[in-house]
$ cat final_19.cif   # mmCIF, C-alpha atoms
data_data
loop_
_atom_site.label_atom_id
_atom_site.label_comp_id
_atom_site.auth_asym_id
_atom_site.auth_seq_id
_atom_site.Cartn_x
_atom_site.Cartn_y
_atom_site.Cartn_z
CA MET P 1 -18.58 -33.79 -33.67
CA ASN P 2 -21.13 -34.33 -36.41
CA ILE P 3 -24.71 -33.04 -36.07
CA TYR P 4 -27.33 -34.12 -38.59
CA GLU P 5 -30.95 -35.08 -39.10
CA ILE P 6 -31.55 -38.81 -39.10
CA PRO P 7 -32.70 -39.77 -42.60
CA LYS P 8 -36.00 -41.58 -43.13
CA ASN P 9 -34.06 -44.66 -44.31
CA ALA P 10 -31.75 -44.74 -41.27
CA PRO P 11 -30.31 -48.18 -40.55
CA GLU P 12 -31.58 -50.12 -37.56
CA SER P 13 -28.21 -49.74 -35.83
CA LEU P 14 -28.57 -45.93 -35.77
CA ARG P 15 -32.18 -46.17 -34.61
CA GLU P 16 -31.06 -48.37 -31.71
CA LYS P 17 -28.26 -45.96 -30.75
CA VAL P 18 -30.80 -43.15 -30.54
CA ALA P 19 -33.20 -45.32 -28.54
CA ASP P 20 -30.39 -46.28 -26.14
CA LEU P 21 -29.47 -42.63 -25.58
CA LEU P 22 -33.06 -41.48 -25.09
CA MET P 23 -33.68 -44.41 -22.78
CA GLU P 24 -31.20 -42.78 -20.39
CA GLN P 25 -33.41 -39.70 -20.40
CA MET P 26 -36.55 -41.77 -19.82
CA ALA P 27 -34.93 -43.63 -16.93
CA SER P 28 -33.93 -40.32 -15.33
CA ILE P 29 -37.60 -39.33 -15.13
CA GLY P 30 -38.80 -42.70 -13.89
CA ARG P 31 -39.84 -44.19 -17.24
CA ASP P 32 -37.32 -47.03 -17.23
CA ASN P 33 -39.77 -49.38 -18.95
CA ALA P 34 -40.15 -47.25 -22.08
CA TYR P 35 -37.62 -48.86 -24.46
CA GLU P 36 -40.17 -50.49 -26.77
CA LEU P 37 -42.22 -47.28 -26.81
CA LEU P 38 -39.09 -45.33 -27.78
CA LYS P 39 -38.30 -47.73 -30.61
CA LYS P 40 -41.88 -47.47 -31.87
CA SER P 41 -41.78 -43.67 -31.70
CA ILE P 42 -38.50 -43.56 -33.61
CA HIS P 43 -39.98 -45.86 -36.25
CA LEU P 44 -43.06 -43.62 -36.59
CA THR P 45 -40.85 -40.53 -36.77
CA LEU P 46 -38.94 -41.97 -39.71
CA GLU P 47 -42.02 -42.91 -41.73
CA GLU P 48 -42.23 -41.09 -45.05
CA HIS P 49 -45.01 -38.62 -44.23
CA SER P 50 -44.21 -38.04 -40.58
CA GLY P 51 -44.03 -34.46 -39.30
CA ALA P 52 -41.55 -35.52 -36.62
CA HIS P 53 -37.78 -35.18 -36.88
CA ILE P 54 -34.73 -36.34 -34.95
CA PHE P 55 -31.37 -34.59 -35.02
CA VAL P 56 -28.36 -36.28 -33.42
CA ALA P 57 -24.88 -35.33 -32.30
CA GLU P 58 -22.28 -38.01 -33.02
CA LEU P 59 -18.82 -38.14 -31.53
CA ASP P 60 -16.40 -40.87 -32.58
CA GLY P 61 -19.28 -42.98 -33.90
CA ASP P 62 -21.35 -42.68 -30.71
CA VAL P 63 -24.66 -40.83 -30.50
CA VAL P 64 -24.08 -38.48 -27.56
CA GLY P 65 -26.98 -36.07 -28.04
CA ALA P 66 -30.40 -36.02 -29.65
CA ALA P 67 -33.23 -33.61 -30.30
CA PHE P 68 -36.74 -34.78 -31.18
CA PHE P 69 -39.39 -32.39 -32.49
CA ASN P 70 -42.70 -32.22 -34.30
CA LEU P 71 -43.94 -29.74 -36.85
CA GLY P 72 -47.29 -28.10 -36.29
CA ILE P 73 -49.25 -25.25 -37.77
CA SER P 74 -49.79 -22.19 -35.60
CA LEU P 75 -52.70 -19.83 -36.09
CA GLU P 76 -50.83 -17.24 -34.03
CA LYS P 77 -47.64 -17.51 -36.10
CA GLY P 78 -49.42 -17.93 -39.44
CA GLY P 79 -47.51 -21.01 -40.47
CA TRP P 80 -45.40 -23.96 -39.42
CA TYR P 81 -43.63 -24.09 -36.08
CA ILE P 82 -41.52 -26.60 -34.19
CA TRP P 83 -42.54 -28.14 -30.89
CA LEU P 84 -39.27 -29.37 -29.38
CA ASN P 85 -40.30 -32.46 -27.43
CA ASP P 86 -36.91 -33.61 -26.22
CA LEU P 87 -33.32 -32.40 -26.11
CA PHE P 88 -30.91 -34.74 -24.37
CA VAL P 89 -27.15 -35.06 -24.05
CA HIS P 90 -25.44 -38.05 -22.45
CA LYS P 91 -24.31 -37.14 -18.93
CA GLU P 92 -20.62 -37.76 -19.74
CA HIS P 93 -20.77 -35.23 -22.60
CA ARG P 94 -22.63 -32.34 -20.97
CA ASN P 95 -21.21 -28.81 -20.68
CA GLN P 96 -19.34 -29.21 -23.96
CA GLY P 97 -21.71 -27.20 -26.18
CA ILE P 98 -23.48 -30.23 -27.66
CA ALA P 99 -27.01 -29.12 -26.72
CA LYS P 100 -26.27 -25.61 -27.99
CA ASN P 101 -24.94 -26.95 -31.29
CA LEU P 102 -27.97 -29.22 -31.70
CA LEU P 103 -30.25 -26.22 -31.17
CA LEU P 104 -28.25 -24.05 -33.57
CA LYS P 105 -28.51 -26.77 -36.23
CA ILE P 106 -32.28 -26.97 -35.71
CA ILE P 107 -32.63 -23.18 -35.83
CA TYR P 108 -30.65 -23.06 -39.09
CA TRP P 109 -32.73 -25.92 -40.55
CA ALA P 110 -35.97 -24.22 -39.46
CA GLU P 111 -35.03 -20.88 -41.01
CA ASN P 112 -34.25 -22.60 -44.30
CA GLN P 113 -37.60 -24.43 -44.20
CA GLY P 114 -39.60 -21.24 -43.60
CA ILE P 115 -40.57 -22.31 -40.08
CA LYS P 116 -42.11 -19.42 -38.09
CA GLY P 117 -40.87 -20.34 -34.60
CA ILE P 118 -39.83 -22.92 -32.05
CA GLU P 119 -41.62 -23.70 -28.82
CA LEU P 120 -40.63 -25.98 -25.97
CA GLU P 121 -41.14 -26.66 -22.31
CA THR P 122 -38.57 -27.02 -19.56
CA GLY P 123 -38.66 -27.45 -15.82
CA VAL P 124 -38.98 -24.23 -13.84
CA SER P 125 -36.00 -25.15 -11.67
CA ASN P 126 -33.65 -26.08 -14.52
CA ALA P 127 -31.48 -22.95 -14.49
CA ALA P 128 -28.76 -24.27 -16.82
CA THR P 129 -31.23 -25.26 -19.51
CA LYS P 130 -33.10 -21.98 -19.21
CA ALA P 131 -29.81 -20.08 -19.54
CA LEU P 132 -29.00 -22.04 -22.71
CA TYR P 133 -32.37 -21.26 -24.28
CA ASN P 134 -32.18 -17.58 -23.29
CA SER P 135 -28.65 -17.30 -24.74
CA LEU P 136 -30.04 -18.35 -28.12
CA GLY P 137 -32.93 -15.87 -28.09
CA PHE P 138 -35.70 -18.02 -26.63
CA TYR P 139 -38.01 -16.20 -24.22
CA ASP P 140 -40.44 -17.15 -21.46
CA VAL P 141 -44.03 -17.80 -22.47
CA VAL P 142 -46.52 -17.83 -19.64
CA SER P 143 -48.75 -20.87 -19.95
CA LYS P 144 -49.95 -23.96 -18.18
CA ARG P 145 -49.66 -27.19 -20.11
CA TYR P 146 -52.31 -29.90 -19.76
CA GLY P 147 -52.31 -33.48 -20.97
CA PHE P 148 -54.75 -36.30 -21.65
CA ARG P 149 -53.99 -39.97 -22.19
CA PHE P 150 -56.12 -42.71 -23.67
#
$ encode --input "final_19.cif" --output "structure tokens"
Amino acid sequence: MNIYEIPKNAPESLREKVADLLMEQMASIGRDNAYELLKKSIHLTLEEHSGAHIFVAELDGDVVGAAFFNLGISLEKGGWYIWLNDLFVHKEHRNQGIAKNLLLKIIYWAENQGIKGIELETGVSNAATKALYNSLGFYDVVSKRYGFRF
């Protein structure tokens, strides 16, 4: 398995593989019409001055896992932090350590970049995911997230 950050000049074929994988995630939450939005988001992520990043796990030439995050500045942390938007592994490749290895790669990358922390959100009933995060040193933060759309 190979885990790496998608370069800004990634070929269209790789971008489409990532979109195809993440489309499975979108469909699982009822967003099965989101393919064009995913492609647009991937394109914006890979623009030169974007603060967003995508790491992928490849196995035998197939993208089987992906993590998408944005960099932000935290007043509380006194510097840059990661907001992990999405972490997804193809259903046929789960429970093989792929999500853990993606997270470890991101943690290593973040430490080398001087990032001050990583934050994310997961479902309250997702015990397996919570166990993964806790095993890597993540901890519960009490909050209520709100959203607004235009």
$ closest_residue --input "final_19.cif" --among "P:Asn33, P:Thr129, P:Ser143, P:Ser41" --to "Lys100 (chain P)" --atoms "all atoms listed in the file"
P:Thr129
$ residues_around --input "final_19.cif" --residues "Asn2 (chain P)" --least-positions-apart "5" --cutoff "12 Å" --atoms "all atoms listed in the file" --output "PyMOL selection string"
chain P and resi 55-66+98+101-102+105
$ residues_around --input "final_19.cif" --residues "region 122-125 of chain P" --least-positions-apart "3" --cutoff "10 Å" --atoms "all atoms listed in the file" --output "number ranges by chain"
P: 85-87, 128-130, 133
$ write_last_selection --input "final_19.cif" --atoms "C-alpha atoms" --output "CSV table (one decimal), keeping the file's coordinate frame"
chain,number,residue,atom,x,y,z
P,85,ASN,CA,-40.3,-32.5,-27.4
P,86,ASP,CA,-36.9,-33.6,-26.2
P,87,LEU,CA,-33.3,-32.4,-26.1
P,128,ALA,CA,-28.8,-24.3,-16.8
P,129,THR,CA,-31.2,-25.3,-19.5
P,130,LYS,CA,-33.1,-22.0,-19.2
P,133,TYR,CA,-32.4,-21.3,-24.3
$ resolve_selection --input "final_19.cif" --expression "the PyMOL selection byres ((chain P and resi 138) around 12)" --output "list in words"
Leu103, Leu104, Ile107, Gly117, Ile118, Glu119, Leu120, Glu121, Thr122, Thr129, Lys130, Ala131, Leu132, Tyr133, Asn134, Ser135, Leu136, Gly137, Tyr139, Asp140 and Val141 of chain P
$ atom_distance --input "final_19.cif" --atom1 "CA of Gly30 (chain P)" --atom2 "CA of Trp83 (chain P)"
22.7 Å
$ atom_distance --input "final_19.cif" --atom1 "CA of Glu5 (chain P)" --atom2 "CA of Arg31 (chain P)"
25.3 Å
$ residues_around --input "final_19.cif" --residues "Arg15 (chain P)" --least-positions-apart "5" --cutoff "8 Å" --atoms "only C-alpha atoms" --output "list in words"
Ala10, Lys39, Ile42 and His43 of chain P
